[in-house]
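Text of protein_1.pdb (PDB, C-alpha atoms) as supplied:
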ATOM      1  CA  MET A  30    -121.897 101.428  25.771
ATOM      2  CA  SER A  31    -119.732 102.188  28.731
ATOM      3  CA  ASP A  32    -121.424 100.018  31.349
ATOM      4  CA  ILE A  33    -118.353  97.952  32.113
ATOM      5  CA  ASP A  34    -117.631  97.580  35.789
ATOM      6  CA  GLU A  35    -114.708  99.746  36.882
ATOM      7  CA  GLY A  36    -113.421  97.144  39.326
ATOM      8  CA  LEU A  37    -113.449  94.448  36.672
ATOM      9  CA  ARG A  38    -111.709  96.771  34.298
ATOM     10  CA  SER A  39    -108.854  97.537  36.674
ATOM     11  CA  GLU A  40    -108.627  93.848  37.545
ATOM     12  CA  LEU A  41    -108.268  93.009  33.870
ATOM     13  CA  GLN A  42    -105.811  95.842  33.381
ATOM     14  CA  ARG A  43    -103.600  94.375  36.102
ATOM     15  CA  GLN A  44    -103.557  91.163  34.112
ATOM     16  CA  GLY A  45    -102.505  93.055  31.022
ATOM     17  CA  ILE A  46    -105.882  93.149  29.305
ATOM     18  CA  TRP A  47    -107.096  96.567  28.247
ATOM     19  CA  VAL A  48    -110.822  96.947  27.859
ATOM     20  CA  THR A  49    -112.513  99.896  26.247
ATOM     21  CA  SER A  50    -115.798 100.829  24.690
ATOM     22  CA  MET A  51    -116.682 102.315  21.344
ATOM     23  CA  GLN A  52    -117.618 105.588  23.001
ATOM     24  CA  GLU A  53    -114.335 105.895  24.857
ATOM     25  CA  LEU A  54    -112.337 105.054  21.772
ATOM     26  CA  TYR A  55    -114.299 107.583  19.750
ATOM     27  CA  ASN A  56    -113.917 110.329  22.303
ATOM     28  CA  TRP A  57    -110.252 109.514  22.840
ATOM     29  CA  GLY A  58    -109.618 109.928  19.161
ATOM     30  CA  ARG A  59    -111.661 113.094  18.918
ATOM     31  CA  LYS A  60    -110.247 114.884  21.905
ATOM     32  CA  ASN A  61    -106.664 114.280  20.842
ATOM     33  CA  SER A  62    -107.061 115.580  17.337
ATOM     34  CA  ILE A  63    -108.963 118.819  17.663
ATOM     35  CA  TRP A  64    -108.297 120.906  14.596
ATOM     36  CA  PRO A  65    -108.805 124.613  15.244
ATOM     37  CA  LEU A  66    -109.990 127.048  12.636
ATOM     38  CA  GLN A  67    -107.173 129.371  11.665
ATOM     39  CA  PHE A  68    -108.434 132.833  12.199
ATOM     40  CA  GLY A  69    -107.594 135.606  14.601
ATOM     41  CA  LEU A  70    -109.502 138.783  15.251
ATOM     42  CA  ALA A  71    -107.299 140.940  17.449
ATOM     43  CA  CYS A  72    -104.427 140.843  19.912
ATOM     44  CA  CYS A  73    -105.582 137.534  21.443
ATOM     45  CA  ALA A  74    -104.672 135.987  18.127
ATOM     46  CA  ILE A  75    -101.014 136.778  18.853
ATOM     47  CA  GLU A  76    -101.275 134.701  22.002
ATOM     48  CA  MET A  77    -103.008 131.990  20.006
ATOM     49  CA  ILE A  78    -100.112 132.020  17.552
ATOM     50  CA  ALA A  79     -97.679 131.815  20.451
ATOM     51  CA  THR A  80     -99.618 128.824  21.755
ATOM     52  CA  ALA A  81     -99.279 127.129  18.415
ATOM     53  CA  ALA A  82     -95.570 127.903  18.132
ATOM     54  CA  SER A  83     -92.773 125.803  19.552
ATOM     55  CA  ARG A  84     -92.451 127.324  23.021
ATOM     56  CA  TYR A  85     -95.974 126.470  24.173
ATOM     57  CA  ASP A  86     -96.642 123.929  21.453
ATOM     58  CA  ILE A  87    -100.322 123.078  21.292
ATOM     59  CA  ALA A  88     -99.231 120.054  19.242
ATOM     60  CA  ARG A  89     -98.665 118.276  22.542
ATOM     61  CA  PHE A  90    -102.448 118.212  22.853
ATOM     62  CA  GLY A  91    -103.113 117.350  19.239
ATOM     63  CA  GLY A  92    -104.356 120.775  18.255
ATOM     64  CA  GLU A  93    -101.570 122.031  16.030
ATOM     65  CA  VAL A  94    -103.375 121.473  12.729
ATOM     66  CA  PHE A  95    -104.835 124.939  12.214
ATOM     67  CA  ARG A  96    -107.131 124.658   9.233
ATOM     68  CA  PRO A  97    -107.703 127.598   6.910
ATOM     69  CA  SER A  98    -111.086 126.169   5.908
ATOM     70  CA  PRO A  99    -114.115 125.789   8.184
ATOM     71  CA  ARG A 100    -114.926 122.504   6.446
ATOM     72  CA  GLN A 101    -111.976 120.827   8.088
ATOM     73  CA  ALA A 102    -112.074 122.466  11.499
ATOM     74  CA  ASP A 103    -113.496 121.152  14.773
ATOM     75  CA  LEU A 104    -112.791 124.092  16.997
ATOM     76  CA  MET A 105    -113.336 127.789  16.605
ATOM     77  CA  ILE A 106    -111.112 129.918  18.811
ATOM     78  CA  VAL A 107    -112.736 133.331  18.859
ATOM     79  CA  ALA A 108    -109.522 135.205  19.593
ATOM     80  CA  GLY A 109    -110.173 138.868  20.044
ATOM     81  CA  THR A 110    -112.638 141.704  19.761
ATOM     82  CA  VAL A 111    -115.666 140.844  17.688
ATOM     83  CA  THR A 112    -116.835 143.926  15.884
ATOM     84  CA  LYS A 113    -120.388 144.122  14.653
ATOM     85  CA  LYS A 114    -119.009 144.217  11.142
ATOM     86  CA  MET A 115    -117.287 140.889  11.741
ATOM     87  CA  ALA A 116    -119.999 139.073  13.697
ATOM     88  CA  PRO A 117    -122.049 137.828  10.707
ATOM     89  CA  GLN A 118    -118.919 136.362   9.137
ATOM     90  CA  ILE A 119    -118.058 134.516  12.333
ATOM     91  CA  VAL A 120    -121.542 133.052  12.625
ATOM     92  CA  ARG A 121    -121.419 132.042   8.983
ATOM     93  CA  LEU A 122    -118.037 130.364   9.463
ATOM     94  CA  TYR A 123    -119.392 128.562  12.493
ATOM     95  CA  ASN A 124    -122.351 127.363  10.454
ATOM     96  CA  GLN A 125    -120.022 126.036   7.808
ATOM     97  CA  MET A 126    -118.005 123.935  10.215
ATOM     98  CA  PRO A 127    -118.964 120.262  10.266
ATOM     99  CA  ASP A 128    -120.423 118.707  13.395
ATOM    100  CA  PRO A 129    -119.254 118.085  16.063
ATOM    101  CA  LYS A 130    -117.888 121.580  16.566
ATOM    102  CA  TYR A 131    -116.737 123.530  19.565
ATOM    103  CA  VAL A 132    -116.071 127.147  20.412
ATOM    104  CA  ILE A 133    -113.518 128.660  22.760
ATOM    105  CA  SER A 134    -114.245 132.264  23.601
ATOM    106  CA  MET A 135    -110.770 133.664  24.195
ATOM    107  CA  GLY A 136    -110.247 136.821  26.164
ATOM    108  CA  ALA A 137    -112.383 139.516  27.688
ATOM    109  CA  CYS A 138    -113.462 140.913  24.322
ATOM    110  CA  ALA A 139    -114.874 137.680  22.951
ATOM    111  CA  ILE A 140    -116.669 137.085  26.247
ATOM    112  CA  SER A 141    -118.244 140.474  26.782
ATOM    113  CA  GLY A 142    -116.669 143.152  24.633
ATOM    114  CA  GLY A 143    -113.970 143.645  27.251
ATOM    115  CA  PRO A 144    -112.363 147.088  27.408
ATOM    116  CA  PHE A 145    -114.210 148.066  24.230
ATOM    117  CA  LYS A 146    -117.618 147.142  25.588
ATOM    118  CA  GLN A 147    -118.847 150.717  25.384
ATOM    119  CA  GLY A 148    -117.863 151.012  21.742
ATOM    120  CA  TYR A 149    -120.745 151.431  19.328
ATOM    121  CA  ASN A 150    -119.221 148.922  16.942
ATOM    122  CA  VAL A 151    -118.264 146.162  19.357
ATOM    123  CA  LEU A 152    -120.293 143.023  19.888
ATOM    124  CA  LYS A 153    -120.807 142.414  23.585
ATOM    125  CA  GLY A 154    -119.792 138.779  23.523
ATOM    126  CA  ILE A 155    -119.822 136.177  20.796
ATOM    127  CA  ASP A 156    -122.112 133.962  22.894
ATOM    128  CA  ARG A 157    -124.965 136.166  21.734
ATOM    129  CA  TYR A 158    -124.974 134.287  18.449
ATOM    130  CA  ILE A 159    -123.197 130.958  18.826
ATOM    131  CA  PRO A 160    -122.945 128.508  21.729
ATOM    132  CA  VAL A 161    -119.615 128.740  23.522
ATOM    133  CA  ASP A 162    -118.045 125.726  25.219
ATOM    134  CA  VAL A 163    -115.141 127.256  27.106
ATOM    135  CA  TYR A 164    -114.560 130.852  28.180
ATOM    136  CA  ILE A 165    -111.071 132.089  29.043
ATOM    137  CA  PRO A 166    -110.807 135.400  30.863
ATOM    138  CA  GLY A 167    -107.765 137.586  30.398
ATOM    139  CA  CYS A 168    -106.698 140.535  28.348
ATOM    140  CA  PRO A 169    -105.174 138.767  26.553
ATOM    141  CA  PRO A 170    -105.045 135.342  28.172
ATOM    142  CA  ARG A 171    -101.572 133.883  28.262
ATOM    143  CA  PRO A 172    -100.826 130.798  26.166
ATOM    144  CA  GLU A 173    -101.019 128.698  29.316
ATOM    145  CA  ALA A 174    -104.611 129.849  29.749
ATOM    146  CA  LEU A 175    -105.461 128.823  26.206
ATOM    147  CA  LEU A 176    -103.860 125.450  26.832
ATOM    148  CA  HIS A 177    -105.951 125.154  29.977
ATOM    149  CA  ALA A 178    -109.080 125.929  28.001
ATOM    150  CA  PHE A 179    -108.023 123.349  25.460
ATOM    151  CA  MET A 180    -107.662 120.742  28.187
ATOM    152  CA  GLU A 181    -111.048 121.693  29.596
ATOM    153  CA  LEU A 182    -112.524 121.197  26.155
ATOM    154  CA  GLN A 183    -110.837 117.808  25.937
ATOM    155  CA  ARG A 184    -112.431 116.901  29.249
ATOM    156  CA  LYS A 185    -115.789 118.017  27.938
ATOM    157  CA  ILE A 186    -115.421 115.974  24.757
ATOM    158  CA  ASP A 187    -114.374 112.971  26.800
ATOM    159  CA  GLU A 188    -117.633 113.112  28.735
ATOM    160  CA  GLN A 189    -119.917 113.337  25.723
ATOM    161  CA  LYS A 190    -122.209 110.358  25.315
ATOM    162  CA  LEU A 191    -122.599 108.519  22.062
ATOM    163  CA  THR A 192    -126.000 106.994  22.789
ATOM    164  CA  GLY A 193    -128.777 107.220  25.301
ATOM    165  CA  PRO A 194    -130.924 110.126  26.412
ATOM    166  CA  GLY A 195    -127.984 112.331  27.400
ATOM    167  CA  LYS A 196    -126.114 111.948  24.137
ATOM    168  CA  ALA A 197    -124.231 114.811  22.574
ATOM    169  CA  GLU A 198    -126.233 117.464  20.763
ATOM    170  CA  HIS A 199    -124.571 116.953  17.407
ATOM    171  CA  LEU A 200    -125.904 113.376  17.352
ATOM    172  CA  ASP A 201    -129.483 114.575  17.526
ATOM    173  CA  PRO A 202    -130.910 115.045  14.040
ATOM    174  CA  ASP A 203    -133.617 117.344  15.389
ATOM    175  CA  GLN A 204    -131.208 119.932  16.717
ATOM    176  CA  PRO A 205    -130.598 122.850  14.357
ATOM    177  CA  SER A 206    -127.320 122.661  12.496
ATOM    178  CA  GLU A 207    -127.161 126.327  11.646
ATOM    179  CA  PHE A 208    -127.580 129.453  13.677
ATOM    180  CA  PRO A 209    -129.208 132.538  12.191
ATOM    181  CA  VAL A 210    -126.707 135.002  10.817
ATOM    182  CA  PRO A 211    -127.312 138.541  12.039
ATOM    183  CA  ALA A 212    -127.839 141.233   9.448
ATOM    184  CA  PHE A 213    -126.690 144.830   9.485
ATOM    185  CA  GLY A 214    -129.588 146.948  10.666
ATOM    186  CA  ALA A 215    -130.003 150.684  10.810
ATOM    187  CA  HIS A 216    -128.317 151.021  14.195
ATOM    188  CA  ASP A 217    -127.343 147.574  15.354
ATOM    189  CA  LEU A 218    -127.170 143.991  14.277
ATOM    190  CA  GLU A 219    -130.560 142.447  13.773
ATOM    191  CA  PRO A 220    -131.400 140.460  15.775
ATOM    192  CA  ALA A 221    -129.271 141.810  18.609
ATOM    193  CA  ALA A 222    -128.921 138.296  20.022
ATOM    194  CA  ASN A 223    -129.979 134.780  19.209
ATOM    195  CA  THR A 224    -132.434 134.033  21.992
ATOM    196  CA  ASP A 225    -131.992 130.279  21.551
ATOM    197  CA  VAL A 226    -128.441 130.419  22.832
ATOM    198  CA  PHE A 227    -128.327 133.679  24.726
ATOM    199  CA  GLN A 228    -130.424 134.992  27.566
ATOM    200  CA  PRO A 229    -129.395 138.324  29.040
ATOM    201  CA  MET A 230    -128.546 138.235  32.721
ATOM    202  CA  LYS A 231    -131.342 139.312  34.981
ATOM    203  CA  ILE A 232    -130.496 142.022  37.441
ATOM    204  CA  GLU A 233    -132.018 141.478  40.846
ATOM    205  CA  ARG A 234    -132.026 144.489  43.111
ATOM    206  CA  ASN A 235    -132.631 144.225  46.809
ATOM    207  CA  GLN A 236    -135.017 146.972  47.792
TER
ATOM    208  CA  MET B  26     -97.308  72.108  -3.229
ATOM    209  CA  THR B  27     -95.767  75.436  -4.111
ATOM    210  CA  PRO B  28     -98.057  78.404  -4.562
ATOM    211  CA  HIS B  29     -98.528  79.845  -7.969
ATOM    212  CA  SER B  30     -95.882  82.450  -8.647
ATOM    213  CA  TYR B  31     -98.486  85.074  -9.488
ATOM    214  CA  LEU B  32    -100.513  84.375  -6.343
ATOM    215  CA  PHE B  33     -98.693  87.142  -4.498
ATOM    216  CA  ILE B  34     -99.829  89.690  -7.025
ATOM    217  CA  VAL B  35    -103.427  88.575  -6.516
ATOM    218  CA  ILE B  36    -103.033  88.892  -2.740
ATOM    219  CA  PHE B  37    -101.370  92.246  -3.189
ATOM    220  CA  LEU B  38    -104.227  93.394  -5.398
ATOM    221  CA  GLY B  39    -106.790  92.288  -2.836
ATOM    222  CA  VAL B  40    -104.987  94.128  -0.037
ATOM    223  CA  ALA B  41    -104.549  97.187  -2.235
ATOM    224  CA  LEU B  42    -108.293  97.268  -2.860
ATOM    225  CA  LEU B  43    -109.343  96.493   0.704
ATOM    226  CA  PHE B  44    -106.989  98.987   2.298
ATOM    227  CA  PRO B  45    -108.676 102.116   0.905
ATOM    228  CA  ILE B  46    -112.179 100.663   0.807
ATOM    229  CA  MET B  47    -112.231  99.515   4.426
ATOM    230  CA  PRO B  48    -111.977 103.015   5.966
ATOM    231  CA  LEU B  49    -114.659 104.217   3.570
ATOM    232  CA  ILE B  50    -116.994 101.423   4.647
ATOM    233  CA  LEU B  51    -116.168 102.105   8.294
ATOM    234  CA  ALA B  52    -116.805 105.815   7.859
ATOM    235  CA  TRP B  53    -120.060 105.124   6.066
ATOM    236  CA  THR B  54    -121.211 102.748   8.803
ATOM    237  CA  TRP B  55    -120.267 105.251  11.461
ATOM    238  CA  ARG B  56    -122.146 108.016   9.688
ATOM    239  CA  ARG B  57    -125.147 105.726   9.294
ATOM    240  CA  PHE B  58    -125.462 105.114  13.032
ATOM    241  CA  PHE B  59    -123.713 107.902  14.889
ATOM    242  CA  GLN B  60    -123.545 110.939  12.659
ATOM    243  CA  PRO B  61    -126.924 112.104  11.473
ATOM    244  CA  PRO B  62    -126.474 114.392   8.485
ATOM    245  CA  ARG B  63    -127.704 117.891   9.195
ATOM    246  CA  PRO B  64    -127.169 119.896   6.048
ATOM    247  CA  GLY B  65    -128.170 123.506   5.625
ATOM    248  CA  ALA B  66    -128.051 126.245   3.063
ATOM    249  CA  GLU B  67    -124.967 127.833   4.564
ATOM    250  CA  LYS B  68    -123.253 124.596   5.423
ATOM    251  CA  ASN B  69    -123.511 123.570   1.799
ATOM    252  CA  ALA B  70    -122.484 126.944   0.448
ATOM    253  CA  THR B  71    -119.571 126.867  -1.969
ATOM    254  CA  TYR B  72    -117.681 129.855  -0.681
ATOM    255  CA  GLU B  73    -116.085 129.321   2.703
ATOM    256  CA  CYS B  74    -114.617 132.638   3.766
ATOM    257  CA  GLY B  75    -117.512 133.751   5.915
ATOM    258  CA  VAL B  76    -118.605 136.233   3.283
ATOM    259  CA  GLU B  77    -121.598 135.645   1.092
ATOM    260  CA  SER B  78    -120.715 135.139  -2.530
ATOM    261  CA  ILE B  79    -121.951 137.731  -4.993
ATOM    262  CA  GLY B  80    -122.944 136.947  -8.555
ATOM    263  CA  GLU B  81    -121.688 134.199 -10.788
ATOM    264  CA  ALA B  82    -118.194 132.773 -10.842
ATOM    265  CA  GLN B  83    -118.204 132.462 -14.622
ATOM    266  CA  ILE B  84    -117.670 136.041 -15.660
ATOM    267  CA  GLN B  85    -115.995 137.332 -18.810
ATOM    268  CA  PHE B  86    -113.177 139.794 -18.881
ATOM    269  CA  ARG B  87    -113.171 142.448 -21.560
ATOM    270  CA  SER B  88    -110.711 141.695 -24.319
ATOM    271  CA  GLN B  89    -109.365 145.262 -24.032
ATOM    272  CA  TYR B  90    -107.320 144.051 -21.075
ATOM    273  CA  TYR B  91    -104.721 142.663 -23.494
ATOM    274  CA  LEU B  92    -103.041 146.074 -23.409
ATOM    275  CA  TYR B  93    -102.387 145.675 -19.695
ATOM    276  CA  ALA B  94    -100.883 142.256 -20.409
ATOM    277  CA  ILE B  95     -98.553 143.728 -23.041
ATOM    278  CA  ILE B  96     -97.423 146.553 -20.761
ATOM    279  CA  PHE B  97     -96.909 144.114 -17.903
ATOM    280  CA  LEU B  98     -94.699 141.970 -20.134
ATOM    281  CA  ILE B  99     -92.683 144.965 -21.293
ATOM    282  CA  PHE B 100     -92.026 146.671 -17.995
ATOM    283  CA  ASP B 101     -92.021 143.746 -15.565
ATOM    284  CA  VAL B 102     -91.236 140.411 -17.178
ATOM    285  CA  GLU B 103     -88.695 141.914 -19.520
ATOM    286  CA  ALA B 104     -86.764 143.435 -16.628
ATOM    287  CA  VAL B 105     -86.555 140.012 -14.973
ATOM    288  CA  PHE B 106     -84.950 138.596 -18.091
ATOM    289  CA  LEU B 107     -82.750 141.617 -18.743
ATOM    290  CA  VAL B 108     -80.892 141.462 -15.436
ATOM    291  CA  PRO B 109     -79.391 137.945 -15.898
ATOM    292  CA  PHE B 110     -78.791 138.834 -19.546
ATOM    293  CA  ALA B 111     -76.775 141.882 -18.546
ATOM    294  CA  VAL B 112     -74.830 139.967 -15.893
ATOM    295  CA  ALA B 113     -73.881 137.122 -18.246
ATOM    296  CA  PHE B 114     -73.471 139.371 -21.273
ATOM    297  CA  THR B 115     -69.698 138.965 -21.838
ATOM    298  CA  GLY B 116     -69.806 135.193 -21.674
ATOM    299  CA  LEU B 117     -72.775 134.621 -23.976
ATOM    300  CA  PRO B 118     -72.473 132.800 -27.307
ATOM    301  CA  VAL B 119     -73.873 134.403 -30.424
ATOM    302  CA  GLY B 120     -76.970 132.158 -30.460
ATOM    303  CA  ALA B 121     -78.059 133.230 -26.995
ATOM    304  CA  PHE B 122     -77.474 136.855 -27.883
ATOM    305  CA  VAL B 123     -79.659 136.551 -30.982
ATOM    306  CA  ALA B 124     -82.353 134.732 -28.980
ATOM    307  CA  ILE B 125     -82.581 137.495 -26.393
ATOM    308  CA  LEU B 126     -82.472 140.084 -29.142
ATOM    309  CA  VAL B 127     -85.512 138.480 -30.799
ATOM    310  CA  PHE B 128     -87.268 138.496 -27.433
ATOM    311  CA  LEU B 129     -86.442 142.178 -26.944
ATOM    312  CA  LEU B 130     -87.544 143.104 -30.437
ATOM    313  CA  LEU B 131     -90.858 141.309 -29.989
ATOM    314  CA  LEU B 132     -91.499 143.251 -26.808
ATOM    315  CA  LEU B 133     -90.309 146.439 -28.479
ATOM    316  CA  GLU B 134     -92.960 145.892 -31.101
ATOM    317  CA  GLY B 135     -95.491 145.615 -28.288
ATOM    318  CA  LEU B 136     -94.182 148.857 -26.817
ATOM    319  CA  VAL B 137     -94.573 150.622 -30.165
ATOM    320  CA  TRP B 138     -98.101 149.227 -30.427
ATOM    321  CA  ALA B 139     -99.035 150.363 -26.941
ATOM    322  CA  TRP B 140     -97.484 153.762 -27.562
ATOM    323  CA  GLY B 141     -99.397 154.118 -30.783
ATOM    324  CA  LYS B 142    -102.611 153.205 -28.988
ATOM    325  CA  GLY B 143    -101.945 156.021 -26.534
ATOM    326  CA  CYS B 144    -101.676 153.768 -23.488
ATOM    327  CA  LEU B 145     -98.612 155.585 -22.195
ATOM    328  CA  ASN B 146    -100.335 158.958 -22.034
ATOM    329  CA  TRP B 147    -101.174 160.060 -18.558
ATOM    330  CA  ALA B 148    -104.942 160.172 -18.104
ATOM    331  CA  ARG B 149    -106.096 163.641 -17.151
TER
END
Write the structure described by the file as structure tokens, please.
Amino acid sequence: MSDIDEGLRSELQRQGIWVTSMQELYNWGRKNSIWPLQFGLACCAIEMIATAASRYDIARFGGEVFRPSPRQADLMIVAGTVTKKMAPQIVRLYNQMPDPKYVISMGACAISGGPFKQGYNVLKGIDRYIPVDVYIPGCPPRPEALLHAFMELQRKIDEQKLTGPGKAEHLDPDQPSEFPVPAFGAHDLEPAANTDVFQPMKIERNQ
Amino acid sequence: MTPHSYLFIVIFLGVALLFPIMPLILAWTWRRFFQPPRPGAEKNATYECGVESIGEAQIQFRSQYYLYAIIFLIFDVEAVFLVPFAVAFTGLPVGAFVAILVFLLLLLEGLVWAWGKGCLNWAR
């Protein structure tokens, strides 16, 4: 798809001829019209709203179309503390989004539980159940940080392959399209983590 | 040779048909080659709020709820109409006055009905 020689391309470009490939055109269109899912969980959502408003203006990156329905959204911004009560709903919403879909884990809480990590009702990171593309640290991250994450995601989308062995996961019909939704157990969510996407960090101690 | 005067309408019709059909064909072709469908039970679920739907959507309300509708009309909708009526009262012609009077009397009948049914008694 994209096996055009870079030197030839720049030579042609100097002559006023612009050459592209299907994959580049596809990714260019996709990365500049990422529609986020409109939902906020906690204080990070305020920063997300600020990012969408005129001062920071995520519309400059093509992400201003916040969709209230998962059917129309490409990007899930997990903005805030994920409680165990809320986690099944988030996984279900993620399942209902059409492929290709991406997740930004915004703030310390969505990454690891953050300052509420010790709370009995707080999920210790949304990446226990769904695959996360970009993590932004911060409590809460400033709008600039969210914009940075957005640009990182655009870079990631730009690099996704349309064909070949290293093609994007959503193009593989054998990959699962849904992730198991955790259920409320007696003491915790069951299962406590989706082992397909999450492996707990191993602690290595030097004796 | 001059073209037929209706030829433009034919061309216009062709463009009007092609214009919406072309993106559909393109989208279908794209889906055929580059977007393998991966449906699932949750992906195809009707409700899209993240919460599982409970029961059927086609449920019946009890007909006894008509009393709530009557009381809502009397104490809420009537007030909305009464305020502009009161403001414009001095300038109203006789016809408008009679019309609003009929409206009020109809609702008054509803009030008498609801009162008679005992809806206005405070439940103990």
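Distance check against chain B using only C-alpha atoms: of A:Thr80, A:Gln67, A:Gln44, A:Asn223, the minimum falls on A:Gln67.
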_Distance criterion (all atoms listed in the file): nearest to Val120 in chain A out of B:Glu103, B:Ile34, B:Val40, B:Glu73_ = B:Glu73
_Within 8 Å of chain B: residues of chain A, using only C-alpha atoms, as a VMD selection string_ = chain A and resid 98 to 100 117 to 122 124 to 127 191 199 to 202 205 to 207
*Fewer than 4 positions away in the same chain doesn't count, so skip those; otherwise give me all residues within 12 Å of Tyr91 in chain B, counting only C-alpha atoms, as a list in words.*
Phe86, Arg87, Ile95, Ile96, Phe97, Leu98, Gly135, Trp138, Ala139 and Cys144 of chain B
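Between CA of Gly136 in chain A and CA of Ala178 in chain A lies a distance of 11.1 Å.
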*I need the residue set behind the PyMOL selection byres ((chain A and resi 108) around 6) for this file; please write it as a ChimeraX atom specification.*
/A:69-70,73-74,106-107,109,135
Can you fill out range 88-94 of chain A with all heavy atoms and hand it back as a PDB file, keeping the file's coordinate frame?
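What ended up in out-v4.pdb:
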ATOM      1  N   ALA A  88     -99.307 121.376  19.877  1.00  0.00           N
ATOM      2  CA  ALA A  88     -99.231 120.054  19.242  1.00  0.00           C
ATOM      3  C   ALA A  88     -99.157 118.948  20.282  1.00  0.00           C
ATOM      4  O   ALA A  88     -99.514 117.810  20.012  1.00  0.00           O
ATOM      5  CB  ALA A  88     -98.012 119.988  18.323  1.00  0.00           C
ATOM      6  N   ARG A  89     -98.701 119.281  21.484  1.00  0.00           N
ATOM      7  CA  ARG A  89     -98.665 118.276  22.542  1.00  0.00           C
ATOM      8  C   ARG A  89    -100.060 117.773  22.870  1.00  0.00           C
ATOM      9  O   ARG A  89    -100.228 116.678  23.393  1.00  0.00           O
ATOM     10  CB  ARG A  89     -98.056 118.880  23.811  1.00  0.00           C
ATOM     11  CG  ARG A  89     -96.608 119.232  23.669  1.00  0.00           C
ATOM     12  CD  ARG A  89     -96.102 119.890  24.902  1.00  0.00           C
ATOM     13  NE  ARG A  89     -96.718 121.189  25.107  1.00  0.00           N
ATOM     14  CZ  ARG A  89     -96.813 121.794  26.278  1.00  0.00           C
ATOM     15  NH1 ARG A  89     -96.355 121.230  27.354  1.00  0.00           N
ATOM     16  NH2 ARG A  89     -97.385 122.974  26.376  1.00  0.00           N
ATOM     17  N   PHE A  90    -101.065 118.599  22.567  1.00  0.00           N
ATOM     18  CA  PHE A  90    -102.448 118.212  22.853  1.00  0.00           C
ATOM     19  C   PHE A  90    -103.198 117.834  21.580  1.00  0.00           C
ATOM     20  O   PHE A  90    -104.402 117.632  21.610  1.00  0.00           O
ATOM     21  CB  PHE A  90    -103.172 119.353  23.566  1.00  0.00           C
ATOM     22  CG  PHE A  90    -102.490 119.758  24.836  1.00  0.00           C
ATOM     23  CD1 PHE A  90    -101.534 120.747  24.822  1.00  0.00           C
ATOM     24  CD2 PHE A  90    -102.787 119.117  26.028  1.00  0.00           C
ATOM     25  CE1 PHE A  90    -100.880 121.103  25.978  1.00  0.00           C
ATOM     26  CE2 PHE A  90    -102.134 119.473  27.180  1.00  0.00           C
ATOM     27  CZ  PHE A  90    -101.178 120.468  27.158  1.00  0.00           C
ATOM     28  N   GLY A  91    -102.491 117.769  20.487  1.00  0.00           N
ATOM     29  CA  GLY A  91    -103.113 117.350  19.239  1.00  0.00           C
ATOM     30  C   GLY A  91    -103.878 118.443  18.532  1.00  0.00           C
ATOM     31  O   GLY A  91    -104.727 118.160  17.713  1.00  0.00           O
ATOM     32  N   GLY A  92    -103.581 119.691  18.857  1.00  0.00           N
ATOM     33  CA  GLY A  92    -104.356 120.775  18.255  1.00  0.00           C
ATOM     34  C   GLY A  92    -103.547 121.669  17.342  1.00  0.00           C
ATOM     35  O   GLY A  92    -103.905 122.829  17.138  1.00  0.00           O
ATOM     36  N   GLU A  93    -102.455 121.154  16.791  1.00  0.00           N
ATOM     37  CA  GLU A  93    -101.570 122.031  16.030  1.00  0.00           C
ATOM     38  C   GLU A  93    -102.039 122.222  14.598  1.00  0.00           C
ATOM     39  O   GLU A  93    -101.535 123.077  13.899  1.00  0.00           O
ATOM     40  CB  GLU A  93    -100.156 121.465  16.036  1.00  0.00           C
ATOM     41  CG  GLU A  93     -99.924 120.309  15.067  1.00  0.00           C
ATOM     42  CD  GLU A  93    -100.414 118.974  15.565  1.00  0.00           C
ATOM     43  OE1 GLU A  93    -101.230 118.966  16.492  1.00  0.00           O
ATOM     44  OE2 GLU A  93    -100.002 117.952  15.009  1.00  0.00           O
ATOM     45  N   VAL A  94    -103.012 121.422  14.146  1.00  0.00           N
ATOM     46  CA  VAL A  94    -103.375 121.473  12.729  1.00  0.00           C
ATOM     47  C   VAL A  94    -104.402 122.585  12.526  1.00  0.00           C
ATOM     48  O   VAL A  94    -105.599 122.346  12.456  1.00  0.00           O
ATOM     49  CB  VAL A  94    -103.924 120.121  12.260  1.00  0.00           C
ATOM     50  CG1 VAL A  94    -103.877 120.041  10.755  1.00  0.00           C
ATOM     51  CG2 VAL A  94    -103.148 118.991  12.852  1.00  0.00           C
TER      52      VAL A  94
END
